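J.: File run-v3.txt below, compact mmCIF, C-alpha atoms and all ligand atoms:
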# COMPACT_ATOMS: atom_id res chain seq x y z
CA MET J 1 -15.24 -12.08 34.01
CA ASP J 2 -16.05 -8.59 32.85
CA LEU J 3 -14.89 -8.11 29.29
CA PHE J 4 -13.23 -4.78 30.03
CA ASP J 5 -11.43 -6.14 33.14
CA LYS J 6 -10.03 -8.90 30.96
CA LEU J 7 -8.49 -6.29 28.66
CA GLU J 8 -6.31 -5.08 31.58
CA ASN J 9 -4.16 -8.17 31.17
CA ARG J 10 -4.34 -8.48 27.44
CA ASN J 11 -1.46 -6.83 25.59
CA SER J 12 -1.76 -5.44 22.11
CA PRO J 13 0.73 -6.72 19.52
CA LEU J 14 2.52 -3.37 19.85
CA GLY J 15 3.08 -3.97 23.57
CA PRO J 16 4.23 -0.89 25.53
CA PHE J 17 4.36 1.20 22.32
CA THR J 18 0.62 1.74 22.44
CA SER J 19 0.88 3.41 25.86
CA GLU J 20 4.47 4.53 26.60
CA GLY J 21 5.33 5.23 22.96
CA TYR J 22 2.01 6.88 22.13
CA GLY J 23 2.50 10.14 20.26
CA TYR J 24 6.10 9.31 19.42
CA TYR J 25 6.59 5.83 17.97
CA THR J 26 2.90 5.19 17.52
CA PHE J 27 0.32 7.85 16.65
CA PRO J 28 2.95 10.58 16.07
CA LYS J 29 1.53 13.89 14.85
CA LEU J 30 3.04 15.31 11.68
CA GLU J 31 1.76 18.85 11.52
CA GLY J 32 1.78 21.78 9.13
CA PRO J 33 1.03 21.58 5.41
CA LEU J 34 1.50 18.13 3.91
CA GLY J 35 4.85 17.71 2.19
CA PRO J 36 8.46 16.60 2.55
CA GLU J 37 8.99 19.16 5.34
CA MET J 38 6.59 19.04 8.26
CA ILE J 39 6.55 19.69 11.98
CA PHE J 40 6.96 16.95 14.56
CA ASN J 41 6.89 17.73 18.30
CA GLY J 42 7.35 21.42 17.49
CA LYS J 43 10.46 20.85 15.32
CA ASP J 44 10.95 20.95 11.54
CA VAL J 45 11.61 17.53 10.07
CA ILE J 46 12.22 16.06 6.62
CA VAL J 47 9.57 13.39 6.23
CA TRP J 48 10.27 9.96 4.69
CA SER J 49 7.21 8.21 6.04
CA ILE J 50 4.19 9.30 4.02
CA ASN J 51 2.98 7.69 0.82
CA ASP J 52 2.24 10.88 -1.12
CA TYR J 53 4.64 9.51 -3.75
CA LEU J 54 3.96 12.13 -6.41
CA GLY J 55 3.64 15.07 -4.04
CA ILE J 56 0.09 15.59 -5.26
CA GLY J 57 -1.39 16.13 -1.79
CA ALA J 58 0.47 19.44 -1.49
CA ASN J 59 -0.11 20.57 -5.07
CA PRO J 60 -1.62 24.11 -4.96
CA LYS J 61 -3.93 23.40 -7.93
CA VAL J 62 -5.28 20.35 -6.16
CA ARG J 63 -5.76 22.18 -2.88
CA LYS J 64 -7.71 24.94 -4.64
CA PHE J 65 -9.82 22.39 -6.49
CA ASP J 66 -10.62 20.60 -3.21
CA ILE J 67 -12.02 23.80 -1.71
CA GLU J 68 -14.14 24.50 -4.79
CA ALA J 69 -15.43 20.92 -4.94
CA THR J 70 -16.35 21.01 -1.24
CA GLU J 71 -18.20 24.29 -1.71
CA LYS J 72 -20.01 22.96 -4.75
CA TYR J 73 -21.07 19.58 -3.37
CA SER J 74 -20.69 19.65 0.47
CA LEU J 75 -18.90 16.90 2.32
CA SER J 76 -22.19 15.26 3.27
CA ALA J 77 -23.47 14.42 -0.19
CA PRO J 78 -24.43 11.95 -1.39
CA MET J 79 -26.11 10.28 1.57
CA GLY J 80 -26.50 6.54 1.75
CA ALA J 81 -24.94 3.51 0.10
CA ARG J 82 -24.49 3.67 -3.65
CA LEU J 83 -26.97 0.84 -4.12
CA LEU J 84 -29.75 2.97 -2.67
CA THR J 85 -29.20 6.76 -2.64
CA GLY J 86 -25.43 7.31 -2.74
CA ASN J 87 -24.68 7.23 -6.47
CA SER J 88 -23.84 10.22 -8.70
CA ASP J 89 -22.60 11.11 -12.18
CA GLU J 90 -19.22 11.93 -10.61
CA HIS J 91 -18.93 8.44 -9.11
CA GLU J 92 -19.71 6.86 -12.47
CA ALA J 93 -17.38 9.17 -14.38
CA LEU J 94 -14.53 8.40 -11.97
CA GLU J 95 -15.11 4.68 -12.51
CA ARG J 96 -14.91 5.09 -16.28
CA GLU J 97 -11.72 7.12 -15.97
CA LEU J 98 -10.12 4.63 -13.58
CA ALA J 99 -10.93 1.74 -15.91
CA ASP J 100 -9.38 3.63 -18.80
CA PHE J 101 -6.32 4.51 -16.71
CA VAL J 102 -5.53 0.92 -15.71
CA HIS J 103 -6.57 -0.59 -19.06
CA LYS J 104 -9.55 -2.60 -17.88
CA PRO J 105 -13.12 -2.60 -19.19
CA GLU J 106 -14.78 -1.55 -15.90
CA ALA J 107 -13.92 -0.20 -12.46
CA LEU J 108 -15.85 -0.22 -9.20
CA LEU J 109 -15.22 2.33 -6.47
CA LEU J 110 -14.62 1.12 -2.92
CA ASN J 111 -15.05 3.35 0.14
CA TYR J 112 -11.89 2.11 1.79
CA GLY J 113 -9.35 -0.17 0.23
CA TYR J 114 -8.99 -2.36 3.30
CA GLN J 115 -12.65 -3.22 3.76
CA GLY J 116 -13.19 -3.20 0.02
CA ILE J 117 -10.65 -5.86 -0.82
CA MET J 118 -11.76 -7.98 2.14
CA SER J 119 -15.29 -7.94 0.79
CA VAL J 120 -14.17 -8.63 -2.77
CA ILE J 121 -12.33 -11.76 -1.62
CA HIS J 122 -15.17 -12.74 0.69
CA CYS J 123 -17.85 -12.55 -1.96
CA LEU J 124 -15.90 -14.03 -4.86
CA VAL J 125 -15.00 -17.37 -3.32
CA ASP J 126 -17.29 -19.73 -1.45
CA ARG J 127 -16.91 -23.06 0.34
CA ASN J 128 -16.37 -24.95 -2.90
CA ASP J 129 -13.50 -22.72 -3.97
CA PHE J 130 -9.78 -22.41 -3.31
CA LEU J 131 -8.01 -19.22 -2.27
CA ILE J 132 -4.21 -19.13 -2.58
CA TYR J 133 -2.20 -16.07 -1.55
CA ASP J 134 1.38 -14.88 -1.06
CA GLU J 135 2.54 -15.30 2.54
CA LEU J 136 3.64 -11.64 2.74
CA SER J 137 0.28 -10.30 1.63
CA HIS J 138 -1.11 -7.19 3.32
CA ALA J 139 -3.36 -7.62 6.38
CA CYS J 140 -6.46 -6.77 4.29
CA ILE J 141 -5.90 -9.87 2.16
CA VAL J 142 -5.29 -12.02 5.22
CA ASP J 143 -8.49 -10.68 6.77
CA GLY J 144 -10.33 -11.30 3.50
CA LYS J 145 -9.20 -14.89 3.84
CA GLN J 146 -10.63 -15.06 7.37
CA LEU J 147 -14.04 -14.11 6.01
CA ALA J 148 -13.93 -16.44 3.03
CA MET J 149 -15.44 -19.89 3.54
CA SER J 150 -13.13 -21.41 0.94
CA ASP J 151 -10.16 -23.73 1.33
CA THR J 152 -7.22 -21.34 1.81
CA SER J 153 -3.50 -21.85 1.47
CA VAL J 154 -0.40 -19.67 1.23
CA PHE J 155 2.55 -19.87 -1.09
CA LYS J 156 6.04 -18.83 -0.06
CA HIS J 157 6.77 -15.22 -0.86
CA ASN J 158 7.23 -14.79 -4.61
CA ASP J 159 8.10 -18.49 -4.91
CA ILE J 160 6.53 -19.75 -8.12
CA GLU J 161 7.30 -23.42 -7.35
CA SER J 162 5.52 -23.06 -4.04
CA LEU J 163 2.53 -21.46 -5.79
CA GLU J 164 2.51 -24.24 -8.36
CA ARG J 165 2.43 -26.85 -5.58
CA GLN J 166 -0.64 -25.14 -4.13
CA LEU J 167 -2.26 -24.89 -7.55
CA LYS J 168 -1.64 -28.60 -8.15
CA ARG J 169 -3.09 -29.46 -4.76
CA ALA J 170 -6.19 -27.33 -5.34
CA THR J 171 -6.68 -28.60 -8.89
CA GLY J 172 -6.53 -32.19 -7.63
CA ARG J 173 -9.34 -31.54 -5.15
CA MET J 174 -11.67 -29.53 -7.35
CA LYS J 175 -15.33 -30.43 -7.61
CA PRO J 176 -17.22 -29.55 -10.82
CA ASN J 177 -18.26 -26.16 -9.38
CA SER J 178 -14.92 -25.30 -7.73
CA SER J 179 -12.76 -22.37 -8.79
CA ILE J 180 -9.38 -21.00 -7.75
CA LEU J 181 -8.51 -17.40 -6.84
CA VAL J 182 -4.83 -16.45 -6.50
CA VAL J 183 -4.08 -13.21 -4.65
CA THR J 184 -0.81 -11.32 -4.51
CA GLU J 185 0.53 -7.78 -4.48
CA GLY J 186 2.02 -5.63 -7.23
CA VAL J 187 4.51 -4.02 -4.84
CA PHE J 188 5.20 -5.46 -1.41
CA GLY J 189 4.97 -2.36 0.75
CA MET J 190 7.60 -3.14 3.39
CA THR J 191 10.32 -4.58 1.16
CA GLY J 192 9.56 -2.85 -2.14
CA ASP J 193 9.95 -5.96 -4.29
CA LEU J 194 7.39 -6.64 -7.01
CA GLY J 195 5.05 -9.61 -7.13
CA LYS J 196 6.15 -12.12 -9.76
CA LEU J 197 3.09 -11.27 -11.81
CA LYS J 198 4.40 -12.32 -15.18
CA GLU J 199 5.35 -15.78 -13.92
CA ILE J 200 2.02 -16.13 -12.12
CA VAL J 201 0.09 -15.14 -15.24
CA ALA J 202 2.13 -17.69 -17.23
CA LEU J 203 0.85 -20.43 -14.89
CA LYS J 204 -2.63 -19.82 -16.30
CA LYS J 205 -1.58 -21.89 -19.31
CA LYS J 206 -1.27 -24.91 -16.99
CA TYR J 207 -3.88 -24.24 -14.31
CA ASP J 208 -7.36 -22.80 -14.31
CA PHE J 209 -7.45 -19.83 -11.91
CA ARG J 210 -8.19 -16.11 -11.65
CA LEU J 211 -5.70 -13.55 -10.37
CA LEU J 212 -6.39 -10.64 -8.00
CA VAL J 213 -3.52 -8.15 -7.57
CA ASP J 214 -3.37 -5.57 -4.78
CA ASP J 215 -1.37 -2.76 -6.38
CA ALA J 216 -1.64 -0.18 -3.61
CA HIS J 217 1.97 0.98 -3.99
CA GLY J 218 2.26 0.39 -7.76
CA LEU J 219 -0.57 2.65 -8.94
CA GLY J 220 0.94 5.97 -10.03
CA THR J 221 4.53 4.90 -9.36
CA LEU J 222 5.08 2.10 -11.89
CA GLY J 223 4.36 1.51 -15.55
CA LYS J 224 5.21 3.93 -18.33
CA ASP J 225 1.85 5.66 -17.88
CA GLY J 226 1.60 5.17 -14.12
CA SER J 227 -0.99 2.45 -14.45
CA GLY J 228 0.88 0.15 -12.11
CA THR J 229 2.87 -3.02 -11.74
CA GLY J 230 0.99 -5.07 -14.35
CA THR J 231 1.86 -2.52 -17.01
CA GLU J 232 5.42 -2.25 -15.72
CA LEU J 233 5.85 -6.01 -16.08
CA GLY J 234 3.89 -6.25 -19.33
CA CYS J 235 1.14 -8.50 -17.99
CA GLN J 236 -1.77 -6.20 -17.09
CA ASP J 237 -4.08 -8.25 -19.33
CA GLY J 238 -3.43 -11.35 -17.24
CA ILE J 239 -4.64 -9.65 -14.04
CA ASP J 240 -8.33 -10.48 -13.70
CA ILE J 241 -9.05 -8.12 -10.82
CA TYR J 242 -6.77 -5.12 -10.37
CA PHE J 243 -6.99 -3.36 -6.99
CA GLY J 244 -5.74 0.19 -6.47
CA THR J 245 -6.14 2.54 -3.53
CA PHE J 246 -6.19 6.34 -3.44
CA ALA J 247 -4.35 6.20 -0.10
CA LYS J 248 -0.86 6.37 -1.65
CA SER J 249 -0.09 8.13 -4.98
CA VAL J 250 -3.48 9.83 -5.12
CA ALA J 251 -3.01 11.11 -1.52
CA LEU J 252 -6.70 10.70 -0.76
CA ILE J 253 -9.10 8.12 0.61
CA GLY J 254 -11.03 5.50 -1.29
CA ALA J 255 -10.05 2.70 -3.65
CA PHE J 256 -11.26 0.66 -6.60
CA VAL J 257 -11.14 -2.66 -8.37
CA ALA J 258 -10.94 -2.84 -12.15
CA THR J 259 -12.20 -5.92 -13.91
CA LYS J 260 -14.70 -7.40 -16.40
CA PRO J 261 -18.30 -6.04 -16.57
CA ARG J 262 -19.92 -9.20 -15.18
CA VAL J 263 -17.56 -9.28 -12.21
CA LYS J 264 -18.30 -5.63 -11.44
CA GLU J 265 -22.02 -6.31 -11.67
CA PHE J 266 -21.64 -9.20 -9.21
CA LEU J 267 -19.52 -7.13 -6.79
CA ILE J 268 -22.00 -4.22 -6.85
CA ALA J 269 -24.65 -6.46 -5.38
CA ASN J 270 -22.50 -8.71 -3.19
CA ALA J 271 -19.50 -6.85 -1.73
CA ARG J 272 -21.04 -6.36 1.69
CA SER J 273 -18.74 -3.61 3.01
CA GLN J 274 -19.90 -1.50 0.06
CA VAL J 275 -23.54 -2.56 -0.17
CA PHE J 276 -24.15 -1.69 3.47
CA ALA J 277 -21.98 1.45 3.84
CA LYS J 278 -22.18 5.10 2.85
CA SER J 279 -20.58 5.94 -0.47
CA LEU J 280 -17.58 8.24 -0.94
CA PRO J 281 -18.44 11.95 -0.51
CA LEU J 282 -18.77 13.90 -3.76
CA PRO J 283 -15.82 16.28 -3.18
CA ILE J 284 -13.59 13.23 -2.64
CA VAL J 285 -14.81 11.69 -5.88
CA ALA J 286 -14.42 14.95 -7.80
CA THR J 287 -10.89 15.49 -6.50
CA ALA J 288 -9.99 11.87 -7.23
CA ARG J 289 -10.95 12.55 -10.88
CA LYS J 290 -8.84 15.69 -10.90
CA ARG J 291 -5.86 13.91 -9.32
CA ILE J 292 -6.00 10.91 -11.66
CA ARG J 293 -6.09 13.33 -14.60
CA LEU J 294 -3.06 15.20 -13.24
CA ILE J 295 -1.15 11.98 -12.62
CA ARG J 296 -1.75 11.00 -16.24
CA GLU J 297 -0.78 14.44 -17.57
CA ASN J 298 2.39 14.81 -15.50
CA PRO J 299 4.70 11.84 -16.08
CA GLN J 300 7.60 14.04 -14.95
CA TRP J 301 6.36 13.63 -11.35
CA ARG J 302 6.93 9.90 -11.62
CA GLU J 303 10.33 10.48 -13.21
CA LYS J 304 11.34 12.79 -10.36
CA LEU J 305 10.10 10.27 -7.80
CA TRP J 306 12.33 7.60 -9.34
CA GLU J 307 15.28 9.97 -9.61
CA ASN J 308 14.92 10.71 -5.90
CA ALA J 309 14.51 7.05 -4.99
CA LEU J 310 17.61 6.01 -6.92
CA LYS J 311 19.72 8.87 -5.50
CA LEU J 312 18.62 8.08 -1.97
CA ARG J 313 19.41 4.38 -2.19
CA GLU J 314 22.69 4.85 -3.97
CA GLY J 315 23.71 7.34 -1.28
CA LEU J 316 22.67 4.99 1.52
CA ARG J 317 24.56 2.09 -0.06
CA ASN J 318 27.66 4.24 -0.58
CA ILE J 319 27.82 4.99 3.12
CA GLY J 320 27.52 1.32 4.01
CA TYR J 321 23.84 0.62 4.57
CA ASN J 322 22.13 -2.54 3.43
CA VAL J 323 19.29 -1.31 1.20
CA LEU J 324 17.15 -4.27 0.17
CA PRO J 325 16.89 -4.78 -3.60
CA SER J 326 13.62 -2.89 -3.99
CA GLU J 327 12.11 -2.60 -7.47
CA SER J 328 9.74 0.21 -6.47
CA PRO J 329 10.28 3.60 -4.82
CA VAL J 330 9.92 1.96 -1.36
CA THR J 331 13.42 2.11 0.15
CA PRO J 332 13.97 -0.44 2.94
CA VAL J 333 17.17 -0.35 5.01
CA LEU J 334 17.86 -3.54 6.93
CA THR J 335 20.26 -3.83 9.82
CA GLU J 336 20.92 -6.14 12.72
CA GLY J 337 19.60 -5.15 16.11
CA SER J 338 16.85 -5.16 18.68
CA THR J 339 13.62 -3.22 19.05
CA GLU J 340 15.63 -0.87 21.23
CA LEU J 341 18.01 -0.12 18.36
CA CYS J 342 15.03 0.52 16.11
CA THR J 343 13.59 3.13 18.48
CA THR J 344 17.05 4.64 19.07
CA ILE J 345 17.54 5.13 15.31
CA MET J 346 14.15 6.78 14.99
CA ARG J 347 14.77 9.03 17.99
CA GLU J 348 18.35 10.00 16.97
CA LEU J 349 17.26 10.88 13.43
CA ARG J 350 14.24 12.85 14.59
CA GLU J 351 15.81 14.68 17.54
CA LYS J 352 19.38 15.33 16.40
CA HIS J 353 19.06 15.51 12.63
CA GLY J 354 15.48 16.57 11.90
CA VAL J 355 14.83 13.48 9.80
CA PHE J 356 11.55 11.61 10.33
CA VAL J 357 11.61 7.92 9.44
CA SER J 358 9.61 4.94 10.63
CA GLY J 359 11.10 1.60 11.55
CA VAL J 360 9.94 -1.86 12.49
CA ALA J 361 11.49 -4.70 14.47
CA TYR J 362 10.34 -8.18 15.54
CA PRO J 363 7.64 -9.52 14.94
CA VAL J 364 7.24 -7.55 11.68
CA VAL J 365 10.76 -8.64 10.65
CA PRO J 366 12.70 -11.68 11.97
CA LYS J 367 14.10 -11.47 15.52
CA GLY J 368 17.38 -9.55 15.66
CA MET J 369 16.64 -7.44 12.59
CA VAL J 370 15.56 -3.82 12.22
CA LEU J 371 13.97 -2.42 9.09
CA ILE J 372 13.89 1.32 8.48
CA ARG J 373 11.58 2.14 5.59
CA LEU J 374 11.99 5.37 3.66
CA ILE J 375 9.35 6.54 1.22
CA PRO J 376 10.75 9.01 -1.31
CA MET J 377 8.42 11.50 -2.93
CA ALA J 378 8.65 13.57 -6.12
CA SER J 379 8.57 16.64 -3.89
CA HIS J 380 11.81 15.79 -2.05
CA THR J 381 14.74 17.97 -3.11
CA GLU J 382 18.47 17.25 -3.51
CA GLU J 383 18.97 19.07 -0.23
CA HIS J 384 16.49 16.82 1.57
CA ILE J 385 18.38 13.79 0.29
CA GLU J 386 21.77 15.20 1.21
CA THR J 387 20.69 16.16 4.74
CA THR J 388 19.21 12.70 5.20
CA LEU J 389 22.35 10.94 3.96
CA ASN J 390 24.47 13.05 6.31
CA ALA J 391 22.18 12.06 9.15
CA PHE J 392 22.49 8.36 8.30
CA GLU J 393 26.28 8.79 8.13
CA ALA J 394 26.30 10.44 11.56
CA ILE J 395 24.30 7.64 13.24
CA LYS J 396 26.45 4.82 11.85
CA PRO J 397 28.33 4.26 15.14
CA ILE J 398 24.97 3.65 16.82
CA VAL J 399 23.48 1.53 14.05
CA PHE J 400 26.50 -0.70 13.61
CA GLN J 401 27.67 -0.85 17.23
CA ASN J 402 27.01 -4.58 17.55
CA VAL J 403 27.83 -5.66 14.04
CA ASP J 404 31.24 -7.40 14.04
CA GLU J 405 32.30 -6.47 10.56
CA GLY J 406 31.40 -2.82 10.87
CA VAL J 407 28.58 -2.64 8.31
CA THR J 408 26.12 -5.20 7.04
CA ALA J 409 26.37 -4.27 3.37
C1 LIG J 501 -0.85 -3.21 0.12
C2 LIG J 501 -2.04 -2.48 0.68
N1 LIG J 501 -3.27 -2.91 0.40
C3 LIG J 501 -4.36 -2.29 0.89
C4 LIG J 501 -4.25 -1.20 1.70
C5 LIG J 501 -5.50 -0.58 2.27
O1 LIG J 501 -5.92 0.49 1.51
P1 LIG J 501 -6.75 1.72 2.17
O2 LIG J 501 -5.77 2.56 2.92
O3 LIG J 501 -7.34 2.40 0.98
O4 LIG J 501 -7.79 1.14 3.08
C6 LIG J 501 -2.98 -0.69 2.02
C7 LIG J 501 -2.81 0.51 2.87
O5 LIG J 501 -3.22 1.59 2.56
C8 LIG J 501 -1.84 -1.35 1.48
O6 LIG J 501 -0.60 -0.91 1.75
Would it be possible to restate this file's structure as C-alpha cells?
Ligand SMILES: Cc1ncc(COP(=O)(O)O)c(C=O)c1O
T.:
Amino acid sequence: MDLFDKLENRNSPLGPFTSEGYGYYTFPKLEGPLGPEMIFNGKDVIVWSINDYLGIGANPKVRKFDIEATEKYSLSAPMGARLLTGNSDEHEALERELADFVHKPEALLLNYGYQGIMSVIHCLVDRNDFLIYDELSHACIVDGKQLAMSDTSVFKHNDIESLERQLKRATGRMKPNSSILVVTEGVFGMTGDLGKLKEIVALKKKYDFRLLVDDAHGLGTLGKDGSGTGTELGCQDGIDIYFGTFAKSVALIGAFVATKPRVKEFLIANARSQVFAKSLPLPIVATARKRIRLIRENPQWREKLWENALKLREGLRNIGYNVLPSESPVTPVLTEGSTELCTTIMRELREKHGVFVSGVAYPVVPKGMVLIRLIPMASHTEEHIETTLNAFEAIKPIVFQNVDEGVTA
C-alpha cells in the first residue's frame, strides 16, 4: 500500500483538532507584540498561555539589543556544527556564564532542548546501563529513552518508594560495568508540582546512581537567584546534570546542560543531535547572554511573577475553582468534564471575555477531567488578573453544569 494513502486512515493523537480545530484549538495565531495582551482572531486578548515568565521577550532593552546583535553578527553566522566551524567566543562565554548562573563547573549549549536532552540521555547510557525516570516526564525524556539501548523503567510520579524499588531492582542486576541514570523534572509543566529532588538526592547515600534534572520551567522562576529548582530545594549540588532551556524564562530558543568538565567533554563528542547539526546563530547566543545577565540583575521580575501567580490562584480558589497545589508559577485548574467542555471553556473565555487560555482533556489527563493551565508572567497587571477572575466567575455555570455539588473545590 502506498505510504501516503495509508495516512488517510491514520488519525493523529489530536484527532479532529488537527483539521477542524486548526487555527483555533491547535496552531492558533497570537499576533502583535509579545506580551500579556495580544491579538487573537482580530480581537484583543489577555494571554495566559505563553512561557515568557519574566516578561523578558517584550523588554524594550532586549528588543533593541536583538536588533544590534543581528546587525553585528547576521543570523547566518556561524555556519556549521560547533565541532567543525560553528564555534565562537560568544558561545563559549555564554557557556561560562550559564555554568556560573546555575552553580555548576561547566555548561554545554544545545541547539534545541528537546533534541539536546534526547541525545544526552542516548549517549550517556548504553546497553549495560539502567535508565529510571518519572512516569510524568516530558516527551523529550521519553523519546530519549526510546533511543537509549539501556534497560529502562519508570517510577510512579514523585513516589520515592517506587523509585527506590526500581533502584533496588537495577542494583541487583548490575554487571561490573553497569551504571544507573535517574531522570526527573524540576517543575512538572502541566501540574506545576516540583520533582522530589531532595529526597532523590538523599537516595544516593544508599544507591549508586547519577541524576539528570530537566528544569525547563524552574530556570529563572525558582531559587533565590533564579537558578532553578535545585537551588530552591537546597540540593543543586546533588544534581549531576542540570538541564535548562531558553524556551521559557529566557523567551528565546536553545538550551544547555550544566555538569562536570569530563561529562561536558564526553557530550561534545557524542551527543549526536549537536555533533551533526548547525550551532545556534550568533545573535541568539549574544541575546541569551544579555537576557541571562538581566535575569540575574532583576530579581524583582521573579518577585512580581510570584505575586501575580499567588494572586491569580487565590482569586480562582475564592470563586470556587480547584487549583492544583502547584509549587511553581504554573497554575493548573482542574474540573470534571469532557473534551467538549474543555473546548467550550476555551471558546467562551476567548470570544466573550477576551481571555486566552489553553486546556487539555483526555488522554493528557484522565477521562472525564479537564485541565486549564494558566501561565502567569511578571508583565501581567492587577487589571489583567481581575478581568480574568471575572471571566472565570462568569463561566462558572458552564464549567460546573454537570458537577452535582456545584463546584469541585
Ligand atoms: C519540561 C520540558 N523539557 C524540555 C522541553 C524542550 O525544550 P525546547 O523547547 O528548548 O526544545 C520543554 C519545552 O519547551 C519542556 O517543557
J.: Given all atoms listed in the file as the basis, pick out the residue of J:Gly144, J:Pro16, J:Pro60, J:Gly80 nearest to ligand LIG 501 (chain J).
T.: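 Going through J:Gly144, J:Pro16, J:Pro60, J:Gly80 one by one, the smallest distance to ligand LIG 501 (chain J) is for J:Gly144.
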J.: Using all atoms listed in the file, which of the listed residues (J:Tyr22, J:Tyr242, J:Tyr112, J:Tyr207) sits closest to ligand LIG 501 (chain J)?
T.: J:Tyr112
J.: At what distance in Å, to one decimal, does atom CA of His380 of chain J lie from atom CA of Arg347 of chain J?
T.: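 Straight-line distance from atom CA of Arg347 of chain J to atom CA of His380 of chain J works out to 21.4 Å.
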J.: Leaving out Ala361 of chain J and any residue of its chain fewer than 2 positions from it, which residues lie within 12 Å of it when counting all atoms listed in the file, given as number ranges by chain?
T.: J: 14, 190, 333-346, 358-359, 363-373
J.: My list of candidates is J:Leu267, J:Ile141, J:Val399, J:Ile39. Which is closest to ligand LIG 501 (chain J) when distances are computed with only C-alpha atoms and all ligand atoms?
T.: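 Among J:Leu267, J:Ile141, J:Val399, J:Ile39, it is J:Ile141 that comes nearest to ligand LIG 501 (chain J).
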J.: Go through chain J residue by residue and, counting only C-alpha atoms and all ligand atoms, keep those with an atom at most 9 Å from ligand LIG 501 (chain J); for each kept residue give the shortest atom pair and its distance in Å to one decimal, ordered by chain and increasing number, as a tab-separated table.
T.:
residue	atom	partner	partner_atom	distance
J:Asn51	CA	J:LIG501	O5	8.9
J:Leu110	CA	J:LIG501	O3	8.4
J:Asn111	CA	J:LIG501	O3	7.8
J:Tyr112	CA	J:LIG501	O4	4.4
J:Gly113	CA	J:LIG501	O3	3.3
J:Tyr114	CA	J:LIG501	O4	3.7
J:Gln115	CA	J:LIG501	O4	6.6
J:Gly116	CA	J:LIG501	O4	7.6
J:Ile117	CA	J:LIG501	C3	7.4
J:Ser137	CA	J:LIG501	C1	7.3
J:His138	CA	J:LIG501	C1	5.1
J:Ala139	CA	J:LIG501	N1	7.6
J:Cys140	CA	J:LIG501	C3	6.0
J:Ile141	CA	J:LIG501	N1	7.6
J:Glu185	CA	J:LIG501	C1	6.6
J:Gly186	CA	J:LIG501	C1	8.3
J:Val187	CA	J:LIG501	C1	7.3
J:Phe188	CA	J:LIG501	C1	6.6
J:Gly189	CA	J:LIG501	O6	5.8
J:Met190	CA	J:LIG501	O6	8.7
J:Asp214	CA	J:LIG501	N1	5.8
J:Asp215	CA	J:LIG501	C1	6.5
J:Ala216	CA	J:LIG501	C1	4.9
J:His217	CA	J:LIG501	C1	6.5
J:Phe243	CA	J:LIG501	N1	8.3
J:Gly244	CA	J:LIG501	C3	7.9
J:Thr245	CA	J:LIG501	O3	4.7
J:Phe246	CA	J:LIG501	O3	6.0
J:Ala247	CA	J:LIG501	O2	4.9
J:Lys248	CA	J:LIG501	O5	6.8
J:Leu252	CA	J:LIG501	O3	8.5
J:Ile253	CA	J:LIG501	O3	6.0
J:Gly254	CA	J:LIG501	O3	5.3
J:Ala255	CA	J:LIG501	O3	5.4
J:Phe256	CA	J:LIG501	O3	8.7
J.: Write a file of the selected residues as a PDB file, in the frame of the given file, keeping C-alpha atoms.
T.:
ATOM      1  CA  ASN J  51       2.980   7.690   0.820  1.00  0.00           C
ATOM      2  CA  LEU J 110     -14.620   1.120  -2.920  1.00  0.00           C
ATOM      3  CA  ASN J 111     -15.050   3.350   0.140  1.00  0.00           C
ATOM      4  CA  TYR J 112     -11.890   2.110   1.790  1.00  0.00           C
ATOM      5  CA  GLY J 113      -9.350  -0.170   0.230  1.00  0.00           C
ATOM      6  CA  TYR J 114      -8.990  -2.360   3.300  1.00  0.00           C
ATOM      7  CA  GLN J 115     -12.650  -3.220   3.760  1.00  0.00           C
ATOM      8  CA  GLY J 116     -13.190  -3.200   0.020  1.00  0.00           C
ATOM      9  CA  ILE J 117     -10.650  -5.860  -0.820  1.00  0.00           C
ATOM     10  CA  SER J 137       0.280 -10.300   1.630  1.00  0.00           C
ATOM     11  CA  HIS J 138      -1.110  -7.190   3.320  1.00  0.00           C
ATOM     12  CA  ALA J 139      -3.360  -7.620   6.380  1.00  0.00           C
ATOM     13  CA  CYS J 140      -6.460  -6.770   4.290  1.00  0.00           C
ATOM     14  CA  ILE J 141      -5.900  -9.870   2.160  1.00  0.00           C
ATOM     15  CA  GLU J 185       0.530  -7.780  -4.480  1.00  0.00           C
ATOM     16  CA  GLY J 186       2.020  -5.630  -7.230  1.00  0.00           C
ATOM     17  CA  VAL J 187       4.510  -4.020  -4.840  1.00  0.00           C
ATOM     18  CA  PHE J 188       5.200  -5.460  -1.410  1.00  0.00           C
ATOM     19  CA  GLY J 189       4.970  -2.360   0.750  1.00  0.00           C
ATOM     20  CA  MET J 190       7.600  -3.140   3.390  1.00  0.00           C
ATOM     21  CA  ASP J 214      -3.370  -5.570  -4.780  1.00  0.00           C
ATOM     22  CA  ASP J 215      -1.370  -2.760  -6.380  1.00  0.00           C
ATOM     23  CA  ALA J 216      -1.640  -0.180  -3.610  1.00  0.00           C
ATOM     24  CA  HIS J 217       1.970   0.980  -3.990  1.00  0.00           C
ATOM     25  CA  PHE J 243      -6.990  -3.360  -6.990  1.00  0.00           C
ATOM     26  CA  GLY J 244      -5.740   0.190  -6.470  1.00  0.00           C
ATOM     27  CA  THR J 245      -6.140   2.540  -3.530  1.00  0.00           C
ATOM     28  CA  PHE J 246      -6.190   6.340  -3.440  1.00  0.00           C
ATOM     29  CA  ALA J 247      -4.350   6.200  -0.100  1.00  0.00           C
ATOM     30  CA  LYS J 248      -0.860   6.370  -1.650  1.00  0.00           C
ATOM     31  CA  LEU J 252      -6.700  10.700  -0.760  1.00  0.00           C
ATOM     32  CA  ILE J 253      -9.100   8.120   0.610  1.00  0.00           C
ATOM     33  CA  GLY J 254     -11.030   5.500  -1.290  1.00  0.00           C
ATOM     34  CA  ALA J 255     -10.050   2.700  -3.650  1.00  0.00           C
ATOM     35  CA  PHE J 256     -11.260   0.660  -6.600  1.00  0.00           C
TER      36      PHE J 256
END
J.: Around (23.2, 4.7, 1.0) in the file's own coordinates, what residues are found within 9 Å if you use all atoms listed in the file, given back as a list in words?
T.: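 Residues lying no farther than 9 Å from the given point: Lys311, Leu312, Arg313, Glu314, Gly315, Leu316, Arg317, Asn318, Ile319, Gly320, Tyr321, Asn322, Val323, Val333, Leu389, Phe392 and Glu393 of chain J.
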J.: Could you give me, as a tab-separated table (two decimals) with C-alpha atoms, keeping the file's coordinate frame, the residues within 7 Å of segment 198-204 of chain J, counting all atoms listed in the file and dropping anything in the same chain fewer than 6 positions from it?
T.:
chain	number	residue	atom	x	y	z
J	233	LEU	CA	5.85	-6.01	-16.08
J	235	CYS	CA	1.14	-8.50	-17.99
J	238	GLY	CA	-3.43	-11.35	-17.24
